[in-house]
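Chemist: Below you'll find entry30.cif; it's mmCIF, N, CA and C atoms.
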```
data_protein
loop_
_atom_site.label_atom_id
_atom_site.label_comp_id
_atom_site.auth_asym_id
_atom_site.auth_seq_id
_atom_site.Cartn_x
_atom_site.Cartn_y
_atom_site.Cartn_z
N MET L 1 89.15 -52.47 36.13
CA MET L 1 88.77 -52.83 34.79
C MET L 1 87.64 -53.87 34.88
N LYS L 2 86.74 -53.84 33.94
CA LYS L 2 85.59 -54.74 33.95
C LYS L 2 86.07 -56.19 34.09
N GLY L 3 85.49 -56.91 35.04
CA GLY L 3 85.84 -58.30 35.27
C GLY L 3 86.78 -58.50 36.43
N ASP L 4 87.47 -57.45 36.87
CA ASP L 4 88.30 -57.57 38.06
C ASP L 4 87.42 -57.98 39.23
N ARG L 5 87.91 -58.84 40.10
CA ARG L 5 87.10 -59.22 41.24
C ARG L 5 87.97 -59.53 42.44
N VAL L 6 87.36 -59.42 43.60
CA VAL L 6 88.02 -59.71 44.86
C VAL L 6 87.12 -60.67 45.63
N GLU L 7 87.70 -61.77 46.10
CA GLU L 7 86.97 -62.73 46.93
C GLU L 7 87.42 -62.53 48.37
N ILE L 8 86.45 -62.51 49.27
CA ILE L 8 86.72 -62.34 50.70
C ILE L 8 86.17 -63.55 51.42
N VAL L 9 87.01 -64.26 52.16
CA VAL L 9 86.58 -65.41 52.95
C VAL L 9 86.55 -64.96 54.40
N VAL L 10 85.38 -65.11 55.03
CA VAL L 10 85.16 -64.59 56.38
C VAL L 10 84.77 -65.73 57.32
N ASP L 11 85.31 -65.70 58.54
CA ASP L 11 84.94 -66.66 59.58
C ASP L 11 83.57 -66.25 60.12
N ALA L 12 82.60 -67.17 60.02
CA ALA L 12 81.24 -66.88 60.48
C ALA L 12 80.87 -67.79 61.65
N GLY L 13 81.78 -67.94 62.59
CA GLY L 13 81.52 -68.80 63.74
C GLY L 13 81.89 -70.23 63.44
N ASP L 14 80.90 -71.07 63.19
CA ASP L 14 81.16 -72.48 62.94
C ASP L 14 81.43 -72.79 61.46
N THR L 15 81.23 -71.84 60.55
CA THR L 15 81.49 -72.03 59.12
C THR L 15 82.26 -70.83 58.57
N THR L 16 82.55 -70.90 57.29
CA THR L 16 83.14 -69.75 56.60
C THR L 16 82.17 -69.31 55.51
N ARG L 17 82.23 -68.04 55.19
CA ARG L 17 81.41 -67.50 54.11
C ARG L 17 82.32 -66.79 53.12
N THR L 18 81.96 -66.90 51.84
CA THR L 18 82.74 -66.27 50.79
C THR L 18 81.89 -65.19 50.11
N TYR L 19 82.48 -64.02 49.98
CA TYR L 19 81.82 -62.90 49.31
C TYR L 19 82.67 -62.47 48.13
N GLU L 20 82.04 -61.92 47.10
CA GLU L 20 82.75 -61.42 45.92
C GLU L 20 82.31 -60.00 45.62
N VAL L 21 83.28 -59.17 45.26
CA VAL L 21 83.00 -57.83 44.74
C VAL L 21 83.61 -57.81 43.35
N VAL L 22 82.78 -57.50 42.34
CA VAL L 22 83.20 -57.57 40.94
C VAL L 22 83.02 -56.20 40.29
N ALA L 23 84.00 -55.80 39.47
CA ALA L 23 83.85 -54.59 38.65
C ALA L 23 82.91 -54.95 37.52
N SER L 24 81.65 -54.51 37.63
CA SER L 24 80.59 -54.99 36.75
C SER L 24 80.49 -54.29 35.40
N ARG L 25 81.03 -53.09 35.28
CA ARG L 25 80.91 -52.35 34.03
C ARG L 25 82.27 -51.87 33.56
N ALA L 26 82.36 -51.51 32.29
CA ALA L 26 83.61 -51.03 31.72
C ALA L 26 84.06 -49.75 32.42
N GLY L 27 85.35 -49.66 32.70
CA GLY L 27 85.90 -48.47 33.33
C GLY L 27 85.88 -48.51 34.85
N ARG L 28 85.27 -49.51 35.44
CA ARG L 28 85.26 -49.61 36.90
C ARG L 28 86.36 -50.52 37.37
N ARG L 29 86.79 -50.31 38.62
CA ARG L 29 87.84 -51.12 39.20
C ARG L 29 87.46 -51.46 40.64
N VAL L 30 88.17 -52.41 41.21
CA VAL L 30 87.91 -52.82 42.59
C VAL L 30 89.13 -52.44 43.42
N GLU L 31 88.91 -51.71 44.52
CA GLU L 31 89.99 -51.29 45.41
C GLU L 31 89.78 -51.89 46.78
N THR L 32 90.89 -52.23 47.44
CA THR L 32 90.83 -52.76 48.80
C THR L 32 91.60 -51.84 49.73
N ALA L 33 91.13 -51.76 50.97
CA ALA L 33 91.81 -50.94 51.98
C ALA L 33 91.58 -51.57 53.35
N VAL L 34 92.60 -51.48 54.21
CA VAL L 34 92.48 -51.94 55.58
C VAL L 34 92.72 -50.73 56.48
N ARG L 35 91.68 -50.34 57.23
CA ARG L 35 91.77 -49.16 58.09
C ARG L 35 91.11 -49.45 59.42
N ARG L 36 91.81 -49.18 60.51
CA ARG L 36 91.25 -49.27 61.86
C ARG L 36 90.52 -50.58 62.13
N GLY L 37 91.12 -51.68 61.71
CA GLY L 37 90.53 -52.98 61.99
C GLY L 37 89.37 -53.36 61.10
N VAL L 38 89.17 -52.62 59.99
CA VAL L 38 88.09 -52.91 59.05
C VAL L 38 88.69 -53.07 57.66
N VAL L 39 88.27 -54.14 56.98
CA VAL L 39 88.68 -54.37 55.59
C VAL L 39 87.56 -53.84 54.71
N GLU L 40 87.90 -52.92 53.80
CA GLU L 40 86.93 -52.34 52.87
C GLU L 40 87.27 -52.74 51.45
N VAL L 41 86.29 -53.26 50.74
CA VAL L 41 86.45 -53.58 49.32
C VAL L 41 85.40 -52.79 48.57
N SER L 42 85.84 -51.93 47.63
CA SER L 42 84.93 -51.02 46.95
C SER L 42 85.03 -51.14 45.44
N GLU L 43 83.89 -50.99 44.77
CA GLU L 43 83.85 -50.87 43.32
C GLU L 43 83.84 -49.37 43.03
N VAL L 44 84.79 -48.92 42.20
CA VAL L 44 85.00 -47.49 41.99
C VAL L 44 84.94 -47.19 40.49
N THR L 45 84.34 -46.04 40.13
CA THR L 45 84.27 -45.61 38.73
C THR L 45 85.57 -44.93 38.33
N ARG L 46 85.67 -44.57 37.05
CA ARG L 46 86.87 -43.88 36.55
C ARG L 46 87.11 -42.56 37.28
N SER L 47 86.02 -41.86 37.59
CA SER L 47 86.16 -40.55 38.24
C SER L 47 86.48 -40.67 39.72
N GLY L 48 86.40 -41.88 40.28
CA GLY L 48 86.76 -42.07 41.68
C GLY L 48 85.59 -42.17 42.63
N SER L 49 84.37 -42.06 42.12
CA SER L 49 83.22 -42.18 43.02
C SER L 49 82.93 -43.66 43.29
N VAL L 50 82.58 -43.95 44.53
CA VAL L 50 82.35 -45.31 44.97
C VAL L 50 80.93 -45.74 44.60
N VAL L 51 80.81 -46.90 43.95
CA VAL L 51 79.51 -47.44 43.56
C VAL L 51 78.94 -48.26 44.70
N ARG L 52 79.75 -49.17 45.25
CA ARG L 52 79.33 -49.98 46.39
C ARG L 52 80.54 -50.40 47.19
N THR L 53 80.31 -50.68 48.46
CA THR L 53 81.38 -51.03 49.38
C THR L 53 80.97 -52.21 50.24
N ALA L 54 81.90 -53.12 50.47
CA ALA L 54 81.70 -54.22 51.41
C ALA L 54 82.70 -54.03 52.54
N ARG L 55 82.23 -54.09 53.78
CA ARG L 55 83.09 -53.90 54.95
C ARG L 55 83.05 -55.14 55.84
N PHE L 56 84.23 -55.54 56.33
CA PHE L 56 84.34 -56.70 57.19
C PHE L 56 85.32 -56.39 58.32
N MET L 57 85.08 -56.98 59.49
CA MET L 57 86.03 -56.85 60.60
C MET L 57 87.30 -57.60 60.23
N ALA L 58 88.44 -56.95 60.37
CA ALA L 58 89.72 -57.54 59.96
C ALA L 58 90.03 -58.82 60.74
N THR L 59 89.58 -58.91 61.98
CA THR L 59 89.85 -60.11 62.77
C THR L 59 89.08 -61.32 62.26
N ARG L 60 88.02 -61.11 61.49
CA ARG L 60 87.20 -62.21 60.95
C ARG L 60 87.59 -62.61 59.54
N VAL L 61 88.38 -61.81 58.84
CA VAL L 61 88.77 -62.10 57.46
C VAL L 61 89.87 -63.16 57.46
N LEU L 62 89.59 -64.28 56.79
CA LEU L 62 90.57 -65.36 56.68
C LEU L 62 91.42 -65.22 55.43
N ALA L 63 90.81 -64.78 54.33
CA ALA L 63 91.55 -64.64 53.07
C ALA L 63 90.94 -63.51 52.25
N LEU L 64 91.81 -62.82 51.53
CA LEU L 64 91.42 -61.75 50.62
C LEU L 64 92.15 -62.01 49.31
N VAL L 65 91.43 -62.45 48.29
CA VAL L 65 92.05 -62.88 47.04
C VAL L 65 91.66 -61.93 45.93
N GLU L 66 92.65 -61.23 45.37
CA GLU L 66 92.41 -60.32 44.25
C GLU L 66 92.65 -61.09 42.96
N GLN L 67 91.67 -61.06 42.05
CA GLN L 67 91.78 -61.78 40.79
C GLN L 67 91.57 -60.82 39.63
N PRO L 68 92.66 -60.23 39.12
CA PRO L 68 92.53 -59.31 38.00
C PRO L 68 92.24 -60.05 36.70
N VAL L 69 91.60 -59.37 35.77
CA VAL L 69 91.35 -59.93 34.45
C VAL L 69 92.67 -59.91 33.68
N PRO L 70 93.00 -61.00 32.97
CA PRO L 70 94.23 -60.98 32.16
C PRO L 70 94.15 -59.88 31.11
N ARG L 71 95.18 -59.02 31.08
CA ARG L 71 95.19 -57.92 30.13
C ARG L 71 96.17 -58.23 29.00
N GLU L 72 95.82 -57.78 27.78
CA GLU L 72 96.71 -57.96 26.64
C GLU L 72 97.79 -56.90 26.66
N ASP L 73 98.99 -57.29 26.25
CA ASP L 73 100.08 -56.34 26.12
C ASP L 73 99.77 -55.43 24.93
N SER L 74 100.09 -54.14 25.02
CA SER L 74 99.75 -53.19 23.96
C SER L 74 100.43 -53.53 22.64
N SER L 75 101.65 -54.10 22.68
CA SER L 75 102.33 -54.46 21.43
C SER L 75 101.65 -55.66 20.77
N GLU L 76 101.10 -56.60 21.57
CA GLU L 76 100.40 -57.75 20.99
C GLU L 76 99.08 -57.31 20.37
N LYS L 77 98.41 -56.37 21.02
CA LYS L 77 97.11 -55.92 20.53
C LYS L 77 97.25 -55.19 19.19
N ALA L 78 98.30 -54.42 19.03
CA ALA L 78 98.48 -53.64 17.81
C ALA L 78 99.08 -54.47 16.68
N GLY L 79 99.56 -55.67 16.97
CA GLY L 79 100.12 -56.53 15.94
C GLY L 79 101.59 -56.29 15.67
N HIS L 80 102.31 -55.68 16.57
CA HIS L 80 103.74 -55.44 16.39
C HIS L 80 104.52 -56.71 16.68
N SER L 81 105.66 -56.85 15.99
CA SER L 81 106.47 -58.06 16.17
C SER L 81 107.46 -57.92 17.32
N GLY L 82 107.67 -56.72 17.84
CA GLY L 82 108.58 -56.54 18.96
C GLY L 82 109.97 -56.06 18.56
N ARG L 83 110.24 -55.90 17.27
CA ARG L 83 111.56 -55.41 16.85
C ARG L 83 111.47 -53.93 16.47
N PRO L 84 112.57 -53.20 16.51
CA PRO L 84 112.55 -51.78 16.15
C PRO L 84 112.14 -51.58 14.69
N LEU L 85 111.63 -50.39 14.38
CA LEU L 85 111.10 -50.11 13.04
C LEU L 85 112.14 -50.21 11.95
N GLY L 86 113.37 -49.76 12.19
CA GLY L 86 114.38 -49.72 11.15
C GLY L 86 115.09 -51.04 10.94
N GLU L 87 114.80 -52.06 11.70
CA GLU L 87 115.54 -53.31 11.62
C GLU L 87 114.99 -54.19 10.48
N ASP L 88 115.90 -54.75 9.68
CA ASP L 88 115.52 -55.64 8.59
C ASP L 88 115.36 -57.05 9.16
N PRO L 89 114.21 -57.70 8.97
CA PRO L 89 113.97 -59.01 9.58
C PRO L 89 114.83 -60.14 9.00
N GLU L 90 115.46 -59.94 7.81
CA GLU L 90 116.22 -61.00 7.18
C GLU L 90 117.67 -61.01 7.56
N THR L 91 118.16 -60.07 8.35
CA THR L 91 119.58 -60.05 8.71
C THR L 91 119.80 -60.64 10.06
#
```
Kindly transcribe the structure held in the file into structure tokens.
Modeler:
Amino acid sequence: MKGDRVEIVVDAGDTTRTYEVVASRAGRRVETAVRRGVVEVSEVTRSGSVVRTARFMATRVLALVEQPVPREDSSEKAGHSGRPLGEDPET
């Protein structure tokens, strides 16, 4: 979802470096995968095609922080009070 982001902290020898991959447009999401000693972070469209990918050696990755955008609950968005339809609020 737009705004989702993943921060990757990598050991760069004498310092650390921080990289971010952000879902930049509506309908895109950020996926992470660890395969064969490589950490892959990709921005993916609704249809599943990859827009961009960041790859890091797993032995160099110090932290992988996923930060999703806060989502509204569907009942809050529609204005529902949370009680069943047939229930009288005064009883």
Chemist: Edge lengths and centre in Å to one decimal, as JSON, is what I'm after for the box along x, y and z that holds all listed atoms of segment 12-30 of chain L once 8 Å is added on each side.
Modeler:
```
{"center_x": 84.8, "center_y": -60.6, "center_z": 47.7, "size_x": 24.6, "size_y": 40.3, "size_z": 48.0}
```
Chemist: Which one of L:Glu31, L:Glu40, L:Asp11, L:Asp4 sits closest to Ala63 of chain L if you count only C-alpha atoms?
Modeler: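 Nearest to Ala63 of chain L: L:Asp11.
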Chemist: I'd like the neighbourhood of Val69 of chain L as a ChimeraX atom specification, where a residue qualifies if any of its atoms comes within 12 Å (using only C-alpha atoms), though same-chain residues fewer than 4 positions away should be ignored.
Modeler: /L:1-6,22-23,29-30
Chemist: Per DSSP on the backbone, what are the alpha helix (DSSP H) residues of segment 1-78 of chain L, as a list of chain:residue names?
Modeler: L:Ser74, L:Ser75, L:Glu76, L:Lys77, L:Ala78
Chemist: For Ala58 of chain L, please output as a PyMOL selection string all residues within 7 Å (counting all atoms listed in the file; exclusion window: fewer than 6 positions along the same chain).
Modeler: chain L and resi 36-39
Chemist: Convert the current residue selection to file output with N, CA and C atoms, as an mmCIF file, in the frame of the given file.
Modeler:
```cif
data_model
loop_
_atom_site.group_PDB
_atom_site.id
_atom_site.type_symbol
_atom_site.label_atom_id
_atom_site.label_comp_id
_atom_site.auth_asym_id
_atom_site.auth_seq_id
_atom_site.Cartn_x
_atom_site.Cartn_y
_atom_site.Cartn_z
ATOM 1 N N ARG L 36 91.810 -49.180 60.510
ATOM 2 C CA ARG L 36 91.250 -49.270 61.860
ATOM 3 C C ARG L 36 90.520 -50.580 62.130
ATOM 4 N N GLY L 37 91.120 -51.680 61.710
ATOM 5 C CA GLY L 37 90.530 -52.980 61.990
ATOM 6 C C GLY L 37 89.370 -53.360 61.100
ATOM 7 N N VAL L 38 89.170 -52.620 59.990
ATOM 8 C CA VAL L 38 88.090 -52.910 59.050
ATOM 9 C C VAL L 38 88.690 -53.070 57.660
ATOM 10 N N VAL L 39 88.270 -54.140 56.980
ATOM 11 C CA VAL L 39 88.680 -54.370 55.590
ATOM 12 C C VAL L 39 87.560 -53.840 54.710
#
```
Chemist: How would you write as a PyMOL selection string the residues that get within 8 Å of (83.3, -51.1, 50.6) in the file's frame, counting all atoms listed in the file?
Modeler: chain L and resi 31-33+39-43+51-56
Chemist: To one decimal in Å, tell me the separation between atom CA of Val21 of chain L and atom CA of Ser49 of chain L.
Modeler: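 We find that atom CA of Val21 of chain L and atom CA of Ser49 of chain L lie 15.7 Å from each other.
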Chemist: For atom CA of Thr45 of chain L and atom CA of Arg28 of chain L, determine how far apart the two atoms are, in Å to one decimal place.
Modeler: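 Those two atoms sit 4.5 Å apart.
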Chemist: Run the PyMOL selection byres ((chain L and resi 8) around 7) against the file shown and list the residues it catches, as JSON, numbers by chain.
Modeler: {"L": [6, 7, 9, 10, 17, 18, 19, 20, 21, 61, 62, 63, 64, 65]}
Chemist: If you measure from atom CA of Gln67 of chain L to atom CA of Arg35 of chain L, what distance in Å do you get, rounded to one decimal?
Modeler: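 Separating atom CA of Gln67 of chain L from atom CA of Arg35 of chain L is a distance of 21.4 Å.
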Chemist: Go through L:Thr59, L:Gly13, L:Glu66, L:Ser24 one by one, measure the shortest atom-to-atom distance of each to Val44 of chain L using all atoms listed in the file, and give the residue with the smallest value.
Modeler: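 For Val44 of chain L, the nearest of the candidates is L:Ser24.
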